[in-house]
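Dumped input_16.txt below, it's compact mmCIF, C-alpha atoms:
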# COMPACT_ATOMS: atom_id res chain seq x y z
CA MET E 1 10.65 -4.19 -26.42
CA ASN E 2 7.56 -5.83 -27.91
CA THR E 3 4.72 -4.64 -25.73
CA ALA E 4 1.19 -4.05 -26.99
CA PRO E 5 0.32 -0.37 -27.61
CA GLU E 6 -1.92 1.18 -24.98
CA SER E 7 -4.75 1.56 -27.49
CA ASP E 8 -4.82 -2.20 -28.01
CA LEU E 9 -5.81 -2.75 -24.38
CA ALA E 10 -9.35 -1.68 -25.19
CA ALA E 11 -9.69 -3.93 -28.23
CA GLY E 12 -11.54 -7.25 -28.16
CA PRO E 13 -13.68 -8.78 -25.43
CA VAL E 14 -12.64 -7.99 -21.87
CA GLN E 15 -12.42 -10.81 -19.32
CA SER E 16 -12.63 -8.94 -16.04
CA PRO E 17 -11.93 -10.95 -12.86
CA HIS E 18 -15.10 -9.43 -11.38
CA ALA E 19 -17.85 -6.95 -12.19
CA PRO E 20 -17.37 -3.27 -11.31
CA LEU E 21 -17.78 -2.55 -7.59
CA PRO E 22 -19.86 0.66 -7.33
CA ALA E 23 -18.87 1.23 -3.71
CA TYR E 24 -15.36 1.98 -4.97
CA TYR E 25 -15.59 2.82 -8.69
CA ARG E 26 -18.10 2.84 -11.55
CA ASP E 27 -16.03 2.34 -14.69
CA GLU E 28 -12.55 1.31 -15.78
CA ALA E 29 -11.10 4.83 -15.62
CA GLU E 30 -12.30 5.18 -12.01
CA HIS E 31 -11.04 1.65 -11.32
CA GLN E 32 -7.49 2.59 -12.32
CA ARG E 33 -7.59 5.82 -10.31
CA PHE E 34 -8.95 3.99 -7.26
CA LEU E 35 -6.26 1.31 -7.39
CA ARG E 36 -3.47 3.85 -7.78
CA ARG E 37 -4.77 5.90 -4.85
CA ILE E 38 -5.52 3.06 -2.44
CA PHE E 39 -2.21 1.25 -2.94
CA ASP E 40 -0.10 4.41 -2.94
CA GLU E 41 -1.77 5.60 0.27
CA THR E 42 -1.52 2.30 2.14
CA ALA E 43 1.92 1.13 0.99
CA SER E 44 3.68 2.09 4.22
CA ASP E 45 1.16 0.08 6.26
CA TYR E 46 0.96 -2.98 4.04
CA ASP E 47 3.67 -5.21 5.53
CA ARG E 48 2.63 -4.37 9.09
CA ILE E 49 -0.97 -5.38 8.47
CA GLU E 50 0.04 -8.47 6.49
CA ARG E 51 2.12 -9.77 9.39
CA VAL E 52 -0.85 -9.40 11.75
CA LEU E 53 -3.38 -10.92 9.34
CA ALA E 54 -1.24 -13.43 7.41
CA LEU E 55 -3.76 -16.28 7.77
CA GLY E 56 -1.04 -18.78 6.92
CA THR E 57 0.25 -16.89 3.89
CA GLY E 58 3.51 -15.90 5.52
CA SER E 59 7.01 -16.28 4.15
CA ARG E 60 7.17 -20.05 4.64
CA TYR E 61 3.97 -20.61 2.65
CA ARG E 62 5.07 -18.32 -0.18
CA ARG E 63 8.42 -20.08 -0.46
CA MET E 64 6.78 -23.52 -0.51
CA ALA E 65 4.34 -22.40 -3.22
CA LEU E 66 7.22 -21.16 -5.37
CA GLN E 67 9.02 -24.46 -4.91
CA ARG E 68 5.89 -26.43 -5.80
CA ALA E 69 5.59 -24.41 -9.00
CA GLY E 70 9.15 -25.29 -10.04
CA LEU E 71 11.21 -22.17 -9.27
CA ARG E 72 14.89 -23.12 -9.43
CA PRO E 73 18.28 -21.60 -8.56
CA GLY E 74 19.50 -19.33 -11.35
CA ASP E 75 16.04 -18.59 -12.78
CA LYS E 76 15.19 -15.21 -14.27
CA VAL E 77 11.94 -14.12 -12.60
CA VAL E 78 9.33 -11.50 -13.38
CA ASP E 79 7.13 -10.79 -10.35
CA VAL E 80 3.94 -9.05 -11.49
CA GLY E 81 2.17 -6.95 -8.87
CA ILE E 82 5.28 -7.09 -6.69
CA GLY E 83 3.71 -4.77 -4.12
CA THR E 84 6.10 -4.42 -1.19
CA GLY E 85 8.06 -7.51 -2.29
CA LEU E 86 6.65 -10.27 -0.09
CA VAL E 87 6.66 -12.94 -2.82
CA ALA E 88 9.79 -11.53 -4.46
CA ARG E 89 11.74 -11.83 -1.21
CA GLU E 90 11.15 -15.59 -1.12
CA ALA E 91 11.85 -15.93 -4.84
CA CYS E 92 15.20 -14.17 -4.44
CA ALA E 93 16.18 -16.59 -1.67
CA LEU E 94 15.41 -19.53 -3.95
CA ILE E 95 17.05 -18.31 -7.17
CA GLY E 96 20.23 -17.19 -5.42
CA ALA E 97 22.97 -14.93 -6.75
CA ALA E 98 22.90 -16.63 -10.16
CA GLY E 99 19.28 -15.64 -10.71
CA SER E 100 17.63 -12.28 -11.30
CA LEU E 101 14.26 -10.71 -10.58
CA VAL E 102 12.28 -7.90 -12.18
CA GLY E 103 9.38 -6.53 -10.13
CA VAL E 104 6.45 -4.86 -11.90
CA ASP E 105 3.69 -2.87 -10.21
CA PRO E 106 1.40 0.03 -11.19
CA SER E 107 1.82 1.68 -7.77
CA PRO E 108 4.96 3.79 -7.27
CA GLY E 109 4.06 3.93 -3.59
CA MET E 110 4.30 0.16 -3.31
CA LEU E 111 7.54 0.04 -5.29
CA ASP E 112 9.07 2.56 -2.88
CA GLN E 113 8.58 0.00 -0.09
CA VAL E 114 10.52 -2.79 -1.81
CA ALA E 115 13.82 -3.25 0.02
CA LEU E 116 15.49 -6.04 -1.96
CA ARG E 117 19.05 -5.68 -3.16
CA GLY E 118 19.62 -6.34 -6.85
CA VAL E 119 15.94 -6.37 -7.84
CA GLN E 120 15.00 -4.26 -10.86
CA LEU E 121 11.73 -2.38 -10.33
CA LYS E 122 9.45 -1.16 -13.13
CA VAL E 123 6.13 0.66 -13.11
CA GLY E 124 3.68 -1.30 -15.26
CA ARG E 125 0.44 -3.26 -15.52
CA ALA E 126 -0.18 -6.95 -16.05
CA GLU E 127 -1.96 -6.15 -19.34
CA GLN E 128 1.13 -4.43 -20.75
CA LEU E 129 4.29 -5.73 -19.12
CA PRO E 130 7.47 -3.67 -19.56
CA CYS E 131 9.35 -6.87 -20.47
CA GLU E 132 11.06 -8.32 -23.51
CA ASP E 133 9.62 -11.34 -25.29
CA GLY E 134 10.75 -14.54 -23.60
CA GLU E 135 12.92 -12.82 -20.98
CA ALA E 136 11.71 -14.83 -17.97
CA ASP E 137 12.12 -18.44 -16.86
CA PHE E 138 9.46 -17.95 -14.20
CA LEU E 139 6.64 -15.45 -13.71
CA SER E 140 4.86 -14.95 -10.40
CA MET E 141 1.86 -12.94 -9.21
CA GLY E 142 0.94 -12.82 -5.53
CA TYR E 143 -2.64 -11.90 -4.60
CA ALA E 144 -3.00 -9.29 -7.35
CA LEU E 145 -5.07 -11.12 -9.96
CA ARG E 146 -8.32 -9.64 -8.61
CA HIS E 147 -7.00 -6.16 -9.40
CA VAL E 148 -6.25 -6.61 -13.11
CA SER E 149 -8.66 -5.31 -15.72
CA ASP E 150 -8.52 -8.20 -18.18
CA LEU E 151 -7.58 -11.81 -17.45
CA GLY E 152 -7.12 -12.73 -21.11
CA ARG E 153 -4.78 -9.86 -21.90
CA SER E 154 -2.84 -10.34 -18.67
CA PHE E 155 -2.30 -14.02 -19.34
CA ALA E 156 -1.33 -13.31 -22.96
CA GLU E 157 1.34 -10.95 -21.62
CA PHE E 158 2.51 -13.57 -19.13
CA HIS E 159 2.83 -16.02 -22.02
CA ARG E 160 4.77 -13.50 -24.12
CA ALA E 161 7.21 -12.62 -21.35
CA LEU E 162 8.08 -16.27 -20.62
CA ARG E 163 10.57 -18.30 -22.63
CA PRO E 164 9.41 -21.66 -24.06
CA GLY E 165 9.19 -24.06 -21.13
CA GLY E 166 8.83 -21.18 -18.67
CA ARG E 167 6.51 -21.47 -15.70
CA VAL E 168 3.87 -19.22 -14.16
CA LEU E 169 2.54 -19.17 -10.59
CA ILE E 170 -0.46 -17.11 -9.51
CA LEU E 171 -1.32 -16.99 -5.81
CA GLU E 172 -4.85 -15.95 -4.87
CA ILE E 173 -7.38 -16.10 -2.06
CA SER E 174 -10.54 -17.94 -3.09
CA ARG E 175 -13.93 -18.22 -1.46
CA PRO E 176 -14.38 -21.48 0.44
CA GLU E 177 -16.79 -23.86 -1.26
CA GLY E 178 -18.82 -24.49 1.89
CA ARG E 179 -21.41 -21.98 3.07
CA ILE E 180 -20.13 -21.94 6.66
CA GLY E 181 -16.52 -21.51 5.62
CA ASN E 182 -17.46 -18.69 3.28
CA ALA E 183 -19.45 -16.93 6.01
CA LEU E 184 -16.57 -17.21 8.47
CA LEU E 185 -14.04 -15.86 6.00
CA LYS E 186 -16.38 -13.01 5.07
CA ALA E 187 -16.88 -12.08 8.72
CA TYR E 188 -13.12 -12.11 9.25
CA MET E 189 -12.16 -10.17 6.12
CA ARG E 190 -15.08 -7.75 5.92
CA THR E 191 -15.57 -7.00 9.64
CA LEU E 192 -12.66 -8.00 11.86
CA VAL E 193 -9.77 -7.18 9.53
CA PRO E 194 -10.78 -3.53 8.93
CA VAL E 195 -11.15 -3.05 12.68
CA ILE E 196 -7.65 -4.43 13.29
CA ALA E 197 -6.35 -2.29 10.44
CA ARG E 198 -7.77 0.85 12.04
CA VAL E 199 -5.93 0.02 15.27
CA VAL E 200 -2.60 -1.06 13.78
CA ALA E 201 -2.34 1.11 10.65
CA ARG E 202 -1.12 4.66 10.39
CA ARG E 203 -3.26 5.54 7.36
CA ARG E 204 -7.06 5.81 7.50
CA SER E 205 -7.44 4.29 4.02
CA THR E 206 -5.78 1.00 5.09
CA SER E 207 -9.06 -0.30 6.55
CA GLU E 208 -10.77 0.61 3.25
CA LEU E 209 -8.19 -1.46 1.36
CA TRP E 210 -8.95 -4.55 3.41
CA ARG E 211 -12.72 -4.13 2.96
CA TYR E 212 -12.07 -3.86 -0.77
CA TYR E 213 -9.99 -7.04 -0.62
CA TRP E 214 -12.93 -9.07 0.63
CA ASP E 215 -15.33 -7.52 -1.86
CA THR E 216 -13.03 -8.52 -4.74
CA ILE E 217 -12.64 -12.03 -3.30
CA GLU E 218 -16.41 -12.41 -3.02
CA ALA E 219 -17.03 -11.10 -6.55
CA CYS E 220 -14.15 -12.89 -8.28
CA VAL E 221 -14.84 -15.35 -11.08
CA ALA E 222 -14.71 -19.06 -10.26
CA PRO E 223 -11.35 -20.87 -10.32
CA ALA E 224 -12.52 -22.84 -13.37
CA GLN E 225 -12.71 -19.59 -15.35
CA ILE E 226 -9.18 -18.62 -14.34
CA ILE E 227 -7.93 -22.05 -15.44
CA ALA E 228 -9.79 -21.72 -18.74
CA ALA E 229 -8.32 -18.27 -19.35
CA LEU E 230 -4.80 -19.60 -18.77
CA GLN E 231 -5.43 -22.42 -21.22
CA ALA E 232 -6.89 -20.00 -23.78
CA ALA E 233 -3.71 -17.91 -23.51
CA GLY E 234 -1.71 -20.93 -24.66
CA PHE E 235 -0.48 -22.40 -21.38
CA GLU E 236 -0.25 -26.14 -20.77
CA ALA E 237 -0.22 -28.29 -17.62
CA VAL E 238 -2.57 -25.79 -15.94
CA GLU E 239 -3.27 -26.84 -12.37
CA ARG E 240 -4.81 -25.43 -9.21
CA HIS E 241 -3.47 -26.45 -5.81
CA THR E 242 -5.30 -25.29 -2.68
CA GLU E 243 -4.30 -24.93 0.95
CA LEU E 244 -6.91 -24.75 3.74
CA GLY E 245 -9.61 -24.44 1.07
CA ILE E 246 -8.78 -20.73 0.73
CA PHE E 247 -5.33 -20.26 -0.78
CA SER E 248 -5.22 -21.06 -4.48
CA GLU E 249 -2.01 -21.68 -6.42
CA TYR E 250 -2.51 -21.62 -10.20
CA SER E 251 0.49 -23.00 -12.05
CA ALA E 252 1.10 -23.54 -15.75
CA VAL E 253 3.83 -24.00 -18.34
CA LYS E 254 4.46 -22.25 -21.65
CA PRO E 255 4.86 -24.96 -24.33
CA GLY E 256 8.39 -25.53 -25.59
CA THR E 257 11.78 -26.79 -24.51
CA SER E 258 12.62 -26.21 -20.88
CA LYS E 259 15.89 -24.68 -19.73
CA PRO E 260 18.37 -27.45 -18.84
CA GLN E 261 18.77 -28.18 -15.15
CA SER E 262 21.85 -26.43 -13.73
Final structure tokens representation of the file:
Amino acid sequence: MNTAPESDLAAGPVQSPHAPLPAYYRDEAEHQRFLRRIFDETASDYDRIERVLALGTGSRYRRMALQRAGLRPGDKVVDVGIGTGLVAREACALIGAAGSLVGVDPSPGMLDQVALRGVQLKVGRAEQLPCEDGEADFLSMGYALRHVSDLGRSFAEFHRALRPGGRVLILEISRPEGRIGNALLKAYMRTLVPVIARVVARRRSTSELWRYYWDTIEACVAPAQIIAALQAAGFEAVERHTELGIFSEYSAVKPGTSKPQS
């Protein structure tokens, strides 16, 4: 398996999706510990809260986004940041029995919640995928880009794991461009959502997770920088599709010959 050694992750300039958030962590070591704790602790609540607060990002939307990005029956998929399997579930329905899916996530707690038959689960980070070179026809990431440490290294790994002609889809929540829309989303995510989480969730830290979600959304780099980082990693046909001015779908293709249509 040709993955970069752990020491290489610190080499070269880092393209973080946002600056450190002192309310949660102060440096990269604390960042990794915080992420591991918060996702392990809240894993059992995650699907319950997501169903209440889906904001249009339910199963139908995820499936349509995968279709727009070119996922086909029989594809071999790597789902990075699989979490509890919300995106992977729709991908499995689209690729069918002839396809396969590998789910990667740094949180064992989240992986324990994945209930999808035939899916191979691996503990790993976007910056160092536990995947062979060119093993995937399609690579997906659902609402986890804000949690990586380095956009450039993550996208380089996405590029490595895809075969020539392979496709990538990254789903994210973006700040609305308008001031009023941004204020409304902030009030919803930063105030109302944690309150609902405290009522519905079984774990106290679940409301903290949803406050953290908004803070990463608010601090995240602009979509143009994400597009530029994908292009710098060697991807072509990089596009951003938006729904409701909030839900961003970044899609791109690794140069080379595509797999023939089945």
task = Write out as an MDAnalysis selection string each polymer residue whose atoms come within 8 Å of E:Phe155, counting all atoms listed in the file; drop sequence neighbours fewer than 3 positions from it.
result = chainID E and resid 127 151:152 158:159 229:230 233
request  = Would you work out the distance separating atom CA of E:Ala115 from atom CA of E:Val148, expressed in Å to one decimal?
outcome  = 24.2 Å
task = Find the distance between atom CA of E:Gly245 and atom CA of E:Trp210 and write it in Å to one decimal.
result =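 Straight-line distance from atom CA of E:Gly245 to atom CA of E:Trp210 works out to 20.0 Å.
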ask   = Taking into account all atoms listed in the file, which residue in the set E:Met64, E:Leu162, E:Val221, E:Leu86 is nearest to E:Tyr46?
value =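 Between E:Met64, E:Leu162, E:Val221, E:Leu86, the residue approaching E:Tyr46 most closely is E:Leu86.
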key: Within 8 Å of E:Ala197 using only C-alpha atoms, minus same-chain residues under 2 positions, as a list in words   = Ile49, Val193, Pro194, Val195, Val199, Val200, Ala201, Thr206, Ser207 and Trp210 of chain E
Neighbour list for stretch 254-256 of chain E as an NGL selection string, cut-off 9 Å, all atoms listed in the file, skip fewer than 3 positions in-chain = :E and (159 or 162-168 or 234-237)
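If all atoms listed in the file are the atoms counted, then among E:Gly103, E:Gly178, E:Gly70, E:Pro17 the closest residue to E:Gly118 is E:Gly103.
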query = Quick one, how far is atom CA of E:Val78 from atom CA of E:Val104?
reply = 7.4 Å
Using all atoms listed in the file: which of E:Tyr61, E:Tyr250, E:Phe138, E:Tyr24 has the shortest distance to E:Glu208 =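 Counting all atoms listed in the file, the residue closest to E:Glu208 is E:Tyr24.
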query = When distances are computed from only C-alpha atoms, which of E:Leu171, E:Ala88, E:Ala69, E:Ala232 shows the smallest separation from E:Ala252?
reply =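 Residue with the minimum atom-to-atom distance to E:Ala252: E:Ala69.
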So that all listed atoms of stretch 215-231 of chain E fit with 3 Å spare on each side, what axis-aligned box centre and edge lengths in Å, to one decimal, would you give as AutoDock Vina command-line options?
--center_x -10.9 --center_y -15.2 --center_z -11.5 --size_x 18.2 --size_y 21.3 --size_z 25.4
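Among E:Phe34, E:Gln15, E:Arg117, E:Gly142, the residue with the shortest atom-to-atom distance to E:Ala228, counting all atoms listed in the file, is E:Gln15.
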Within 9 Å of E:Arg63 using all atoms listed in the file, minus same-chain residues under 5 positions, as a PDB file with C-alpha atoms, in the coordinates of the input:
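Wrote result.pdb, looks like this:
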ATOM      1  CA  GLY E  58       3.510 -15.900   5.520  1.00  0.00           C
ATOM      2  CA  ARG E  68       5.890 -26.430  -5.800  1.00  0.00           C
ATOM      3  CA  VAL E  87       6.660 -12.940  -2.820  1.00  0.00           C
ATOM      4  CA  ARG E  89      11.740 -11.830  -1.210  1.00  0.00           C
ATOM      5  CA  GLU E  90      11.150 -15.590  -1.120  1.00  0.00           C
ATOM      6  CA  ALA E  91      11.850 -15.930  -4.840  1.00  0.00           C
ATOM      7  CA  ALA E  93      16.180 -16.590  -1.670  1.00  0.00           C
ATOM      8  CA  LEU E  94      15.410 -19.530  -3.950  1.00  0.00           C
TER       9      LEU E  94
END
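For the choices E:Met189, E:Cys220, E:Leu111, E:Leu169, the atom-to-atom distance to E:Val238 is smallest for E:Leu169 when using only C-alpha atoms.
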key: Selection: 10 Å around E:Ser100, all atoms listed in the file, excl. self and same-chain fewer than 3 positions, as a ChimeraX atom specification   = /E:73-78,91-92,95-97,118-120,136-137
query = Can you tell me, as a ChimeraX atom specification, which residues sit within 12 Å of (-17.7, -12.6, -7.9) in the file's frame, using only C-alpha atoms?
reply = /E:16-21,146,174-175,213-223,225
Missing atoms of stretch 122-147 of chain E rebuilt to N, CA and C atoms, written as a short mmCIF file (atom, residue, chain, number, x, y, z; two decimals), in the frame of the given file:
data_model
loop_
_atom_site.label_atom_id
_atom_site.label_comp_id
_atom_site.auth_asym_id
_atom_site.auth_seq_id
_atom_site.Cartn_x
_atom_site.Cartn_y
_atom_site.Cartn_z
N LYS E 122 10.04 -1.86 -12.00
CA LYS E 122 9.45 -1.16 -13.13
C LYS E 122 7.98 -0.86 -12.85
N VAL E 123 7.55 0.34 -13.19
CA VAL E 123 6.13 0.66 -13.11
C VAL E 123 5.45 0.07 -14.34
N GLY E 124 4.37 -0.69 -14.13
CA GLY E 124 3.68 -1.30 -15.26
C GLY E 124 2.49 -2.11 -14.80
N ARG E 125 1.66 -2.48 -15.77
CA ARG E 125 0.44 -3.26 -15.52
C ARG E 125 0.58 -4.65 -16.11
N ALA E 126 -0.21 -5.58 -15.56
CA ALA E 126 -0.18 -6.95 -16.05
C ALA E 126 -0.57 -7.02 -17.53
N GLU E 127 -1.48 -6.12 -17.95
CA GLU E 127 -1.96 -6.15 -19.34
C GLU E 127 -0.95 -5.60 -20.34
N GLN E 128 0.11 -4.99 -19.86
CA GLN E 128 1.13 -4.43 -20.75
C GLN E 128 2.47 -4.42 -20.02
N LEU E 129 3.07 -5.59 -19.91
CA LEU E 129 4.29 -5.73 -19.12
C LEU E 129 5.46 -5.03 -19.79
N PRO E 130 6.26 -4.31 -19.01
CA PRO E 130 7.47 -3.67 -19.56
C PRO E 130 8.62 -4.68 -19.63
N CYS E 131 8.40 -5.75 -20.40
CA CYS E 131 9.35 -6.87 -20.47
C CYS E 131 9.58 -7.25 -21.93
N GLU E 132 10.76 -7.79 -22.19
CA GLU E 132 11.06 -8.32 -23.51
C GLU E 132 10.36 -9.66 -23.72
N ASP E 133 10.17 -10.02 -24.97
CA ASP E 133 9.62 -11.34 -25.29
C ASP E 133 10.55 -12.42 -24.75
N GLY E 134 9.99 -13.38 -24.03
CA GLY E 134 10.75 -14.54 -23.60
C GLY E 134 11.88 -14.25 -22.63
N GLU E 135 11.80 -13.17 -21.86
CA GLU E 135 12.92 -12.82 -20.98
C GLU E 135 12.92 -13.60 -19.67
N ALA E 136 11.81 -14.22 -19.29
CA ALA E 136 11.71 -14.83 -17.97
C ALA E 136 11.64 -16.36 -18.04
N ASP E 137 12.28 -16.99 -17.06
CA ASP E 137 12.12 -18.44 -16.86
C ASP E 137 10.89 -18.73 -16.01
N PHE E 138 10.53 -17.74 -15.18
CA PHE E 138 9.46 -17.95 -14.20
C PHE E 138 8.75 -16.62 -13.99
N LEU E 139 7.43 -16.66 -13.95
CA LEU E 139 6.64 -15.45 -13.71
C LEU E 139 5.70 -15.71 -12.54
N SER E 140 5.70 -14.80 -11.58
CA SER E 140 4.86 -14.95 -10.40
C SER E 140 3.93 -13.76 -10.25
N MET E 141 2.79 -14.01 -9.59
CA MET E 141 1.86 -12.94 -9.21
C MET E 141 1.25 -13.32 -7.88
N GLY E 142 1.43 -12.49 -6.86
CA GLY E 142 0.94 -12.82 -5.53
C GLY E 142 -0.23 -11.96 -5.11
N TYR E 143 -1.43 -12.53 -5.12
CA TYR E 143 -2.64 -11.90 -4.60
C TYR E 143 -2.97 -10.57 -5.29
N ALA E 144 -2.71 -10.51 -6.58
CA ALA E 144 -3.00 -9.29 -7.35
C ALA E 144 -3.91 -9.56 -8.54
N LEU E 145 -4.27 -10.81 -8.78
CA LEU E 145 -5.07 -11.12 -9.96
C LEU E 145 -6.42 -10.43 -9.93
N ARG E 146 -7.00 -10.27 -8.73
CA ARG E 146 -8.32 -9.64 -8.61
C ARG E 146 -8.29 -8.16 -8.98
N HIS E 147 -7.11 -7.59 -9.11
CA HIS E 147 -7.00 -6.16 -9.40
C HIS E 147 -6.70 -5.86 -10.87
#
